[in-house]
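Below is the file query_15.cif, which contains mmCIF, C-alpha atoms and all ligand atoms.
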data_input
loop_
_atom_site.label_atom_id
_atom_site.label_comp_id
_atom_site.auth_asym_id
_atom_site.auth_seq_id
_atom_site.Cartn_x
_atom_site.Cartn_y
_atom_site.Cartn_z
CA MET V 1 128.06 118.09 138.03
CA LYS V 2 125.85 119.18 140.89
CA THR V 3 123.09 121.71 140.34
CA ILE V 4 121.99 123.94 143.18
CA ALA V 5 119.00 126.30 143.06
CA ILE V 6 119.21 129.37 145.28
CA ALA V 7 115.59 130.11 145.98
CA ASN V 8 113.21 132.12 148.14
CA GLN V 9 110.17 133.89 146.75
CA LYS V 10 110.95 136.91 148.89
CA GLY V 11 113.12 139.52 147.24
CA GLY V 12 116.08 141.13 148.96
CA VAL V 13 117.06 138.10 151.05
CA GLY V 14 120.51 137.58 149.52
CA LYS V 15 119.90 135.08 146.70
CA THR V 16 121.96 136.98 144.14
CA THR V 17 124.66 137.97 146.63
CA THR V 18 124.97 134.29 147.57
CA ALA V 19 125.09 133.16 143.93
CA VAL V 20 127.90 135.64 143.20
CA ASN V 21 130.02 134.95 146.25
CA LEU V 22 129.46 131.23 146.66
CA GLY V 23 130.15 130.95 142.92
CA ALA V 24 133.34 132.99 143.25
CA GLY V 25 134.34 131.12 146.43
CA LEU V 26 134.02 127.74 144.69
CA ALA V 27 135.83 128.96 141.57
CA ILE V 28 138.71 130.29 143.66
CA GLU V 29 138.94 126.86 145.33
CA GLY V 30 139.50 125.47 141.84
CA PHE V 31 136.05 124.12 141.00
CA ARG V 32 134.49 124.83 137.59
CA VAL V 33 131.31 126.78 138.22
CA LEU V 34 128.43 127.96 136.06
CA MET V 35 126.06 130.57 137.52
CA ILE V 36 122.67 130.80 135.84
CA ASP V 37 120.75 134.06 136.13
CA LEU V 38 117.08 133.08 135.90
CA ASP V 39 115.84 136.41 137.20
CA SER V 40 114.65 138.80 134.49
CA GLN V 41 115.88 141.65 136.68
CA CYS V 42 119.39 140.58 135.63
CA ASN V 43 121.19 141.58 138.85
CA LEU V 44 123.57 138.62 138.67
CA THR V 45 124.28 139.24 134.98
CA ARG V 46 125.05 142.92 135.60
CA THR V 47 127.44 142.04 138.41
CA PHE V 48 129.76 140.46 135.85
CA LEU V 49 128.88 141.68 132.36
CA THR V 50 128.19 145.01 130.69
CA PRO V 51 125.40 145.13 128.07
CA GLU V 52 128.00 145.47 125.27
CA MET V 53 129.52 142.16 126.26
CA ILE V 54 126.23 140.32 125.79
CA GLN V 55 124.81 138.93 122.58
CA ASN V 56 122.59 135.96 123.25
CA THR V 57 120.91 135.36 126.58
CA LEU V 58 118.76 132.72 128.23
CA ALA V 59 115.78 134.41 126.56
CA ASN V 60 117.15 133.38 123.14
CA VAL V 61 117.96 129.91 124.31
CA LEU V 62 114.97 129.05 126.49
CA ILE V 63 112.16 131.04 124.84
CA ASP V 64 112.97 131.63 121.18
CA ASN V 65 114.38 128.20 120.45
CA LYS V 66 112.19 125.24 120.85
CA GLY V 67 114.96 122.71 121.03
CA ASP V 68 116.56 123.56 117.69
CA GLY V 69 119.01 126.21 116.59
CA LEU V 70 121.01 128.01 119.28
CA PRO V 71 122.66 125.71 121.79
CA PHE V 72 122.43 126.54 125.51
CA GLY V 73 126.11 127.47 125.45
CA ALA V 74 125.26 130.54 123.34
CA ALA V 75 123.99 132.23 126.53
CA ILE V 76 127.12 131.37 128.54
CA TYR V 77 129.93 133.89 129.09
CA GLU V 78 133.26 133.65 130.85
CA THR V 79 133.65 136.03 133.77
CA HIS V 80 136.92 137.71 134.80
CA ILE V 81 137.31 135.03 137.47
CA GLU V 82 138.97 131.84 136.29
CA ASN V 83 136.67 128.79 136.36
CA LEU V 84 133.57 130.99 136.77
CA ASP V 85 131.06 131.23 133.90
CA LEU V 86 127.66 132.88 133.72
CA ALA V 87 124.51 132.21 131.71
CA ALA V 88 123.09 135.68 131.08
CA SER V 89 119.54 136.77 131.76
CA HIS V 90 117.37 139.25 129.86
CA ILE V 91 114.28 141.24 130.76
CA ARG V 92 112.35 139.11 128.26
CA LEU V 93 113.01 136.05 130.42
CA ALA V 94 109.94 137.08 132.45
CA LYS V 95 107.92 135.67 129.54
CA LEU V 96 109.01 132.21 130.57
CA GLU V 97 106.54 132.56 133.43
CA LYS V 98 103.75 132.32 130.86
CA SER V 99 104.88 129.12 129.16
CA SER V 100 101.98 126.75 128.93
CA GLN V 101 103.48 123.60 127.48
CA PHE V 102 104.47 120.77 129.79
CA ASP V 103 107.70 120.29 127.85
CA ASP V 104 108.76 123.86 128.61
CA LEU V 105 109.15 122.93 132.28
CA PHE V 106 112.00 120.59 131.43
CA ARG V 107 113.85 122.79 128.95
CA LEU V 108 116.39 123.99 131.53
CA LYS V 109 116.93 120.47 132.85
CA ASP V 110 117.49 119.14 129.33
CA SER V 111 119.88 121.99 128.55
CA LEU V 112 121.94 121.29 131.67
CA ASN V 113 122.11 117.60 130.79
CA SER V 114 123.84 118.61 127.58
CA LEU V 115 126.59 120.35 129.62
CA SER V 116 127.04 117.46 132.07
CA ASP V 117 130.81 117.31 132.51
CA GLU V 118 131.87 120.85 131.77
CA TYR V 119 131.21 122.08 135.31
CA ASP V 120 131.55 120.81 138.87
CA PHE V 121 128.74 123.06 140.11
CA VAL V 122 125.83 124.91 138.57
CA LEU V 123 124.28 127.61 140.78
CA ILE V 124 120.86 128.86 139.72
CA ASP V 125 119.90 132.33 140.94
CA CYS V 126 116.10 132.22 141.05
CA PRO V 127 113.64 135.11 140.66
CA PRO V 128 111.62 136.21 143.72
CA SER V 129 108.53 134.17 142.92
CA LEU V 130 107.18 130.66 143.10
CA GLY V 131 106.03 130.33 139.53
CA ILE V 132 106.96 128.32 136.49
CA VAL V 133 110.52 129.67 136.31
CA VAL V 134 111.34 128.52 139.83
CA THR V 135 109.67 125.18 139.13
CA GLN V 136 111.93 124.79 136.07
CA ALA V 137 114.94 125.54 138.27
CA LEU V 138 113.89 123.02 140.92
CA LEU V 139 113.22 120.35 138.30
CA ALA V 140 116.76 120.84 137.02
CA SER V 141 118.41 120.82 140.47
CA ASP V 142 119.91 118.31 142.89
CA HIS V 143 119.85 120.68 145.86
CA VAL V 144 118.22 123.89 147.07
CA ILE V 145 119.77 126.60 149.24
CA VAL V 146 117.31 129.00 150.85
CA PRO V 147 118.70 132.35 152.00
CA LEU V 148 116.74 134.07 154.77
CA ALA V 149 117.30 137.70 155.68
CA ALA V 150 117.61 138.14 159.45
CA GLU V 151 114.65 140.46 159.92
CA TYR V 152 111.03 140.37 161.03
CA TYR V 153 108.81 138.27 158.75
CA ALA V 154 111.89 136.42 157.48
CA PHE V 155 110.01 133.13 157.36
CA GLU V 156 106.93 134.30 155.58
CA GLY V 157 106.57 132.06 152.60
CA THR V 158 109.13 129.41 153.48
CA GLN V 159 106.25 126.98 153.91
CA ASP V 160 104.98 127.74 150.41
CA LEU V 161 108.48 127.10 149.08
CA GLU V 162 108.58 123.78 150.95
CA GLU V 163 105.27 122.81 149.38
CA THR V 164 106.56 123.68 145.93
CA ILE V 165 109.64 121.54 146.61
CA LYS V 166 107.38 118.67 147.69
CA SER V 167 105.35 118.80 144.50
CA VAL V 168 108.48 119.06 142.33
CA ARG V 169 109.74 115.87 144.04
CA ARG V 170 107.04 113.93 142.21
CA SER V 171 109.13 114.44 139.06
CA ASN V 172 112.53 114.96 140.73
CA PRO V 173 112.43 112.64 143.79
CA SER V 174 116.00 113.24 144.95
CA LEU V 175 115.68 117.03 145.20
CA ASN V 176 117.30 117.88 148.53
CA VAL V 177 117.19 120.99 150.68
CA LEU V 178 120.92 121.46 151.33
CA GLY V 179 120.21 124.17 153.84
CA TYR V 180 118.80 127.48 154.96
CA VAL V 181 121.30 130.28 155.39
CA VAL V 182 120.70 133.40 157.45
CA THR V 183 121.99 136.53 155.71
CA ARG V 184 122.14 140.24 156.51
CA PHE V 185 122.56 139.35 160.17
CA ASP V 186 123.11 142.37 162.41
CA ALA V 187 123.98 141.41 165.99
CA ARG V 188 122.98 144.85 167.24
CA THR V 189 119.32 144.43 166.37
CA THR V 190 116.72 142.42 168.22
CA ALA V 191 115.07 141.58 164.91
CA SER V 192 118.21 139.74 163.76
CA ALA V 193 118.67 137.88 167.04
CA GLU V 194 115.01 136.84 167.07
CA ALA V 195 115.09 135.76 163.44
CA TYR V 196 118.19 133.63 164.03
CA LYS V 197 116.68 131.98 167.11
CA GLN V 198 113.51 131.25 165.20
CA ALA V 199 115.49 129.86 162.27
CA GLN V 200 117.34 127.49 164.62
CA ALA V 201 114.06 126.28 166.07
CA MET V 202 112.40 125.86 162.68
CA PHE V 203 115.19 124.35 160.62
CA GLY V 204 117.52 122.60 163.12
CA ASP V 205 120.30 120.77 161.27
CA LYS V 206 119.15 122.22 157.98
CA LEU V 207 120.35 125.65 159.07
CA PHE V 208 123.87 126.44 157.85
CA GLU V 209 126.14 127.20 160.81
CA THR V 210 127.61 130.06 158.83
CA LEU V 211 125.83 133.33 159.47
CA VAL V 212 126.27 135.91 156.74
CA ARG V 213 126.53 139.15 158.64
CA SER V 214 125.32 142.46 157.37
CA ASN V 215 128.23 144.07 155.56
CA THR V 216 128.25 147.22 153.44
CA HIS V 217 131.06 145.88 151.23
CA LEU V 218 128.66 143.21 150.00
CA ILE V 219 126.32 145.98 148.83
CA ALA V 220 129.07 147.96 147.08
CA ALA V 221 131.03 145.14 145.38
CA PRO V 222 128.62 144.57 142.42
CA ALA V 223 128.95 148.22 141.36
CA TYR V 224 132.64 147.47 140.78
CA ARG V 225 131.77 144.20 139.04
CA GLN V 226 133.64 142.29 141.71
CA SER V 227 133.03 139.46 144.10
CA ILE V 228 133.58 140.19 147.78
CA PHE V 229 136.88 138.31 147.62
CA GLU V 230 138.30 140.88 145.22
CA TYR V 231 136.49 143.98 146.46
CA ALA V 232 137.17 143.65 150.19
CA GLN V 233 139.20 140.61 151.04
CA ALA V 234 139.58 141.52 154.70
CA SER V 235 135.88 142.18 155.24
CA ARG V 236 133.31 140.27 157.24
CA GLY V 237 131.47 139.59 154.01
CA SER V 238 134.54 137.88 152.59
CA GLU V 239 135.07 135.86 155.77
CA ASP V 240 131.42 134.78 155.89
CA TYR V 241 131.21 133.73 152.24
CA LEU V 242 134.50 131.84 152.54
CA ASN V 243 133.01 129.96 155.50
CA LEU V 244 129.79 129.35 153.60
CA THR V 245 131.80 127.96 150.69
CA LYS V 246 133.61 125.57 153.05
CA GLU V 247 130.40 124.51 154.77
CA PHE V 248 128.73 124.00 151.39
CA LEU V 249 131.53 121.64 150.34
CA ALA V 250 131.43 119.85 153.69
CA ARG V 251 127.67 119.31 153.39
CA LEU V 252 128.21 117.76 149.99
CA GLU V 253 131.07 115.74 151.46
CA ILE V 254 133.49 117.19 148.96
CA THR V 255 136.97 117.92 150.23
CA SER V 256 138.37 121.18 149.00
CA LYS V 257 140.76 120.68 146.09
CA VAL V 258 143.17 123.19 147.60
CA ARG V 259 143.24 121.37 150.89
CA LEU V 260 143.78 118.08 149.09
CA LEU V 261 146.86 119.47 147.33
CA LYS V 262 148.27 120.77 150.60
CA GLU V 263 147.76 117.43 152.29
CA LYS V 264 149.58 115.64 149.50
CA ARG V 265 152.59 117.91 149.88
CA LYS V 266 153.07 117.04 153.55
N1 LIG E 301 125.06 140.26 154.03
C1 LIG E 301 124.60 141.40 153.51
N2 LIG E 301 124.85 142.58 154.13
C2 LIG E 301 124.39 143.74 153.65
N3 LIG E 301 123.66 143.84 152.53
C3 LIG E 301 123.37 142.71 151.85
C4 LIG E 301 123.82 141.44 152.31
N4 LIG E 301 123.38 140.51 151.42
C5 LIG E 301 122.69 141.17 150.48
N5 LIG E 301 122.68 142.51 150.73
C6 LIG E 301 122.05 143.57 149.93
O1 LIG E 301 120.65 143.41 150.01
C7 LIG E 301 120.05 143.65 148.76
C8 LIG E 301 119.33 142.40 148.30
O2 LIG E 301 120.27 141.34 148.14
P1 LIG E 301 120.17 140.34 146.91
O3 LIG E 301 121.30 139.40 147.00
O4 LIG E 301 120.03 141.11 145.64
O5 LIG E 301 118.81 139.62 147.25
P2 LIG E 301 117.79 138.79 146.31
O6 LIG E 301 118.57 138.28 145.15
O7 LIG E 301 117.27 137.73 147.21
O8 LIG E 301 116.73 139.75 145.90
C9 LIG E 301 121.17 144.06 147.82
O9 LIG E 301 121.26 145.45 147.80
C10 LIG E 301 122.40 143.46 148.47
O10 LIG E 301 123.58 144.19 148.19
MG MG E 302 118.23 138.51 143.11
#

Here is a file; write its structure as C-alpha cells.
Ligand SMILES: Nc1ncnc2c1ncn2[C@@H]1O[C@H](COP(=O)(O)OP(=O)(O)O)[C@@H](O)[C@H]1O
Ligand SMILES: [Mg+2]
Amino acid sequence: MKTIAIANQKGGVGKTTTAVNLGAGLAIEGFRVLMIDLDSQCNLTRTFLTPEMIQNTLANVLIDNKGDGLPFGAAIYETHIENLDLAASHIRLAKLEKSSQFDDLFRLKDSLNSLSDEYDFVLIDCPPSLGIVVTQALLASDHVIVPLAAEYYAFEGTQDLEETIKSVRRSNPSLNVLGYVVTRFDARTTASAEAYKQAQAMFGDKLFETLVRSNTHLIAAPAYRQSIFEYAQASRGSEDYLNLTKEFLARLEITSKVRLLKEKRK
C-alpha cells in the first residue's frame, strides 16, 4: 500500500479534481484505491456520495474516538466505481486543526496502518492550508503530489510547503515529493505559458510531463457524480488524467496491471 498526499495550501489548484480522476484512473486500471477527503469543505465526498448515503465520517473516527470504539473503516464507503473507495469528510473535520495533543498528529497514520493490505493506493485530498491536518496527512504518506494551477502567482507558497515537508521528514524521513503537476493549463494565455516555463525552471525533473489542460468537462463532471472517464471519455480532461495516471505508475515503477495482462497474452 502506497499513500500519496495531494497537497498545496492554495485553493482552486486542482487537488480535488486530481484526487477524483487519478483515483478513478488507477481503479479503472485494476488497482484498489482509497481516497481520503481531509478537507472539511467535503468537495471530494460530494463528488461521490449524497448526504443520505453517509453515516459516519472521518470526524467520528478521527475526532470523537480516541483510539477506541469506531474503527477507521466506519468512515469508508464504496463508490460506484469498482475498486474505488472513499473515506468521507464532514464540516466538523475542521476541528482537527485545533488538536493539541502530540498523539493526534499520528492518528491518521495509525489508522492507515490498520488497513495495510486492503488497498494498493491511498490518495489523500488535503485542505488548502498548511496546518495540523496537512501535517497529519504528510506524516501518514510515502509521497506528495503538488498540483499547480497555470496562472500568475502559481508558485506562491510552494516554498512554505517544501519547508513543511522538510520538517515532517524528521518523523517521516522517506517522505518523497513524487512530483509537481501543472493543471488548468490554457495554451491561449500568456499566464499559462509563463507559469509552465517557470515551473520547468523551478522543478526540473520533479515536474510531471503531463500537463492537465483547462477543460470545462472537468468542472461539470462532479455535478453528475462522475469521474471524467465516465462523464466525457473523449475529452481533453480524460486524456490528460489518463496520461497522468500512466506517468504516476511509471514514476513509482509500477507496470500497469492491464498492460501486464496484454503482454502475457501475446
Ligand atoms: N483542468 C481543469 N480545467 C478546468 N477547470 C478545472 C481544472 N481542474 C480543476 N478545475 C476547476 O477548478 C476549481 C478548483 O479545482 P479543485 O480541484 O476543487 O481545486 P482544489 O481542490 O485545489 O481547491 C473547480 O471548480 C474545478 O472544477
Ligand atoms: Mg479541494

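For the choices V:Gln101, V:Thr164, V:Ser235, V:Gln159, the atom-to-atom distance to ligand LIG 301 (chain E) is smallest for V:Ser235 when using all atoms listed in the file.
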
Counting only C-alpha atoms and all ligand atoms, what are the residues, protein, DNA or RNA alike, that approach ligand MG 302 (chain E) to within 12 Å? I want them as number ranges by chain. V: 6-20, 36-47, 89, 124-129, 147

Selection: 10 Å around V:Tyr241, only C-alpha atoms, excl. self and same-chain fewer than 6 positions, as a list of chain:residue names: V:Thr17, V:Thr18, V:Val20, V:Asn21, V:Leu22, V:Gly23, V:Ala24, V:Gly25, V:Thr210, V:Leu211, V:Val212, V:Arg213, V:Ile228, V:Phe229, V:Glu247

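Of the residues listed (V:Ala187, V:Val177, V:Val182, V:Leu49), V:Val182 shows the shortest atom-to-atom separation from ligand LIG 301 (chain E); distances use all atoms listed in the file.
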
Selected residue of minimal separation from V:Asp142 among V:Met1, V:Leu105, V:Glu118, V:Leu84, counting all atoms listed in the file: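 The closest residue to V:Asp142 is V:Met1.
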
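For the pair atom O9 of ligand LIG 301 (chain E) and atom CA of V:Leu218, the interatomic distance is 8.0 Å.
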
Please put the answer as AutoDock Vina command-line options: centre and edge lengths, in Å with one decimal, of a box along x, y and z that encloses all listed atoms of ligand LIG 301 (chain E) plus 6 Å on each side.
--center_x 120.9 --center_y 141.6 --center_z 149.6 --size_x 20.3 --size_y 19.7 --size_z 21.0

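The interatomic distance for the pair atom C2 of ligand LIG 301 (chain E) and atom CA of V:Ala154 works out to 15.0 Å.
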
Nearest residue to ligand LIG 301 (chain E) out of V:Leu252, V:Val146, V:Met202, V:Leu161, using all atoms listed in the file?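 The shortest atom-to-atom distance to ligand LIG 301 (chain E) comes from V:Val146.
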
V:Phe48, V:Phe106, V:Tyr224, V:Phe185: which is nearest ligand LIG 301 (chain E), counting all atoms listed in the file? V:Phe185

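Restricting the calculation to all atoms listed in the file, the smallest distance between V:Asn113 and any of V:Glu29, V:Gly237, V:Asn243, V:Leu139 is found for V:Leu139.
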
In Å, how far is it from atom CA of V:Asn176 to atom CA of V:Glu82? 28.5 Å
